[in-house]
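Have a look at the structure below before the remarks.
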Amino acid sequence: MTDSLTSLTEFRAVLAAAPAADATSLAGAAERNGMLTKPPGALGRLEDLAIWYAGWRGTARPEISAPQVIVFAGNHGVTARGISAFPPEVTEQMVLNFQHGGAAINQLSKAAGAQMDVHAIDLDRPTRDFCDEAAMDEAELLAAINVGWTSVNERCDLLVTGEMGIGNTTSAAAIALALYGGDAAEWTGRGTGLDDQGVSLKAGVVAQAVALHQPKTGLDVLRTVGGREIAAMAGAIARARVLRIPVILDGFICCAAAACLLAESETALDHAIAGHASAEAAHPKLLARLDKEPLLRLGLRLGEGSGAALAINILKGAIACHSGMSTFAEAGVSAG
């Protein structure tokens, strides 16, 4: 069992001291890529992905054999303000669906050969309505971060974090507004299917919350307008960074969690790529802020980690080509 973090101060220190990619492995992977039986650059972005992955795994010829998908679930007190088309009870119902193997993320994890784990966090105790007070106190935030921190399988070689939580696109919008400013409407979308009136109400809630708290740091944003499942995703992504486990980021909510880490440390997401750009309107804007180019654009807006899980096989393909192809010398092919 991974030791839990003892304080937010320790968490910040761990982020600041997290290791970089291995330069020798990066150089070795780039050299190998130049010797493979293909024209230079013929595999496009797959080549860059393979070299990036090799650097984090510490070998010039890596494999992906043990991906992990973790879905975190939490409930949000702000749902009392009518900002979701679905009631909070759906969170627990969907957790049961995950546990019984019936959700989309179950199928996509299976297709990718990934271990899938589900962590429901105090569903009977929603965060507080962040239009009235902070969503969590520091102890609650640390506890949620630790759920993510301790859930990462240290033997996994690729991580995807997903979420379930009615109301969490409102939380994600508030995080983005608090971190990057602008107008609340820029960051507020339809979520689970709101009409125009519902989106307008939701944007007002987002603006009210950020104006009330005016948080200054990434962790303060997470504490005041975040959610337990969002904090857990941040904890898991950070733990993967420490272990040099590459991460594929999912949609708007996952990227909001990641943005809080980036606000704390400019290198916090060096081990992460974006799996997809979702149909939630603000997600591409958030990806631009994170400086992440998505692998897929398929109009997905499900959450659960689904887009990132689907992208596992893209990365697997990149690594299979990089590590499995013959070099010109091995194949007896003229390099020209």
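Ligands are numbered from 1 in the order shown, chains are lettered A, B, ... in the order of the structure tokens, and residues start at 1 in each chain.
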(message) Quick one: residues within 7 Å of region 319-333 of chain A, only C-alpha atoms, excluding same-chain residues fewer than 6 positions away - as a PyMOL selection string?
(response) chain A and resi 33+35-37+50+61-63
So that each row is one residue of region 227-254 of chain A with an atom at most 10 Å from region 73-96 of chain A, can you give its shortest atom pair and the distance in Å to one decimal, using only C-alpha atoms, rows by chain and rising number, as CSV?
residue,atom,partner,partner_atom,distance
A:Gly227,CA,A:His76,CA,6.6
A:Arg228,CA,A:Gly74,CA,5.5
A:Glu229,CA,A:Gly74,CA,5.0
A:Ile230,CA,A:Gly74,CA,8.2
A:Ala231,CA,A:Gly74,CA,9.8
A:Ala232,CA,A:Ala73,CA,9.0
A:Met233,CA,A:Ala73,CA,9.9
(request) Measuring atom to atom with only C-alpha atoms, identify which of A:Ala263, A:Ala268, A:Ala120, A:Ala258 is nearest to Ala144 (chain A). (result)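 Among A:Ala263, A:Ala268, A:Ala120, A:Ala258, it is A:Ala120 that comes nearest to Ala144 (chain A).
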(message) I'd like to know which of A:Asp195, A:Glu266, A:Glu186, A:Glu47 is closest to Ala282 (chain A), using only C-alpha atoms.
(response)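 Looking at the shortest contact to Ala282 (chain A), the residue is A:Glu186.
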(request) For Tyr53 (chain A), please output as a PyMOL selection string all residues within 12 Å (counting only C-alpha atoms; exclusion window: fewer than 2 positions along the same chain). (result) chain A and resi 21-23+25-26+29-30+46-51+55-64+157-158+244-248+270-273+315-316+318-320+322-323
(message) Could you pull out the strand (DSSP E) residues of region 22-197 of chain A, going by DSSP on the backbone, and write them as a ChimeraX atom specification?
(response) /A:67-73,115-120,158-164
(request) For CA of Ala184 (chain A) and CA of Ser306 (chain A), quote the distance in Å rounded to one decimal. (result) 26.2 Å
(request) Show which residues sit within 12 Å of Glu154 (chain A), as number ranges by chain. Count only C-alpha atoms, and ignore same-chain residues fewer than 5 positions away. (result) A: 1-3, 66-68, 149, 159, 236, 239-246
(request) Quick one: pick out all alpha helix (DSSP H) residues within region 147-187 of chain A from a backbone DSSP run and write them as a list in words. (result)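 Listing alpha helix (DSSP H) positions across region 147-187 of chain A yields Val147, Gly148, Trp149, Asn168, Thr169, Thr170, Ser171, Ala172, Ala173, Ala174, Ile175, Ala176, Leu177, Ala178, Leu179, Tyr180, Ala184, Ala185, Glu186 and Trp187 of chain A.
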(request) Rank nothing, just name the residue among A:Val69, A:Ala112, A:Leu302, A:Leu261 nearest to Gly165 (chain A), using only C-alpha atoms. (result)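 Comparing A:Val69, A:Ala112, A:Leu302, A:Leu261 against Gly165 (chain A), the winner is A:Leu302.
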(request) Extract, using only C-alpha atoms, all DNA, RNA and protein residues at most 12 Å from region 128-141 of chain A, discarding same-chain residues fewer than 4 positions from it, and format them as a ChimeraX atom specification. (result) /A:5-9,11,74-83,121-122,145-148,167-168,170-171,174-175,202,204-215,219-235
